[in-house]
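Colleague: Can you read through this structure? Questions will come right after.
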Amino acid sequence: MNTKTENVTGRSQAVSLTRVARAGWTEIGASTLSGKLVDRIRSALMSGAIGSGEFLGTETALASQFGVSRTVVREALRMLEGFGVVDVRAGRSGGVWVASGNASLLVNALAIQLKLIGISQHEMLDMQAAIEVKSAELAAQRRNPDDLACLRGIIADLVQLENQPDRFTARSMDFHMAIVEASHNRGLVAQFAALRQLLLPAYSAHTNPRIARAAVKAHRALLDRIELADSGGARAQMAERLAQIRARGFLDTKAV
């Protein structure tokens with residue numbers, strides 16, 4: 001296809017092709033599968049050659065740039081949209097943009113894939129410890145007044161729910177989530193938000209009033225460490241609590 005004959009105008013188009021050139025993109029051959037085009041664009045994103053919100057061009061321009069048919073480009077764009085990499089807009093002012101970040105895509109995809117691979121309760125506890133022990137340490141360093149108010153409010157709610165196991169477990173998971181959010185690390189937050197979807201039914205099967213009272217006591221002790229900005233103490237408190245959960249026979253070898 002000859003780019004001189006393309007009916008594509010506009011400053012944004014020229015900027016897009018310039019950035020494509022800087023990304024090192026060259027023709028990949030008309031017979032190349034759309035999967036390779038997907039890999040090329042994803043690699044450019046990971047390397048920083050392109051970034052969130054950038055205009056990549058029209059479908060026609062991308063076909064010319066890569067030396068493939070519009071059908072190949074269209075198929076690749078469908079896959080990239082599914083991955084949340086690009087945003088394809090129709091119409092006269094349409095084209096292809098690098099998508100804005102959407103953590104919920106990661107959360108939902110990770111939760112589903114963990115379920116599909118049959119993650120065991122043992123593995124879930126390993127993952128929970130890896131995320132929450134570090135989060136407790138960071139929360140003690142980075143928490144703000146809103147974080148502390150949220151944690152105090154959840155504990156107050158939990159005291160009222162000690163004899164309602166299902167509601168208690170869900171609210172207790174809110175406490176764990178709030179600890180991770182107080183770390184102010186988006187990677188940890190996304191991972192725990194996914195893991196939480198699997199932990200909730202597993203914990204619910206074991207909650208009773210005695211365990212609920214022990215959990216409230218442990219939550220208060222952890223919050224004390226966080227309020228005092230005692231990162232080492234918060235880390236140790238969280239590690240001890242999760243070790244107690246493991247020791248009481250929560251885990252088994254069956255997938256949930």
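Letters for chains follow the order of the structure tokens (A, B, ...), residue numbers begin at 1 for each chain, and ligand numbers begin at 1 in the order shown.
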May I have the residues within 12 Å of Arg74 of chain A as a list in words, using only C-alpha atoms and disregarding those fewer than 3 positions away in the same chain?

Modeller: Leu33, Ser34, Gly35, Leu37, Val38, Thr58, Glu59, Thr60, Ala61, Leu62, Ala63, Val68, Ser69, Arg70, Thr71, Leu77, Arg78, Met79, Leu80, Glu81, Val86, Val88, Gly95 and Val96 of chain A

Colleague: Run DSSP on the backbone of this structure and report the residues of segment 80-144 of chain A it assigns to helix (DSSP H, G or I), as a PyMOL selection string.

Modeller: chain A and resi 80-83+103-116+121-142

Colleague: Need the shell around Gly232 of chain A: protein/DNA/RNA residues with any atom at most 12 Å away, counting only C-alpha atoms. Skip same-chain ones fewer than 6 positions apart. Format as a PyMOL selection string?

Modeller: chain A and resi 133-141+222+225-226+238-239

Colleague: Could you check how far atom CA of Gln121 of chain A sits from atom CA of Leu148 of chain A, in Å to one decimal?

Modeller: 29.9 Å
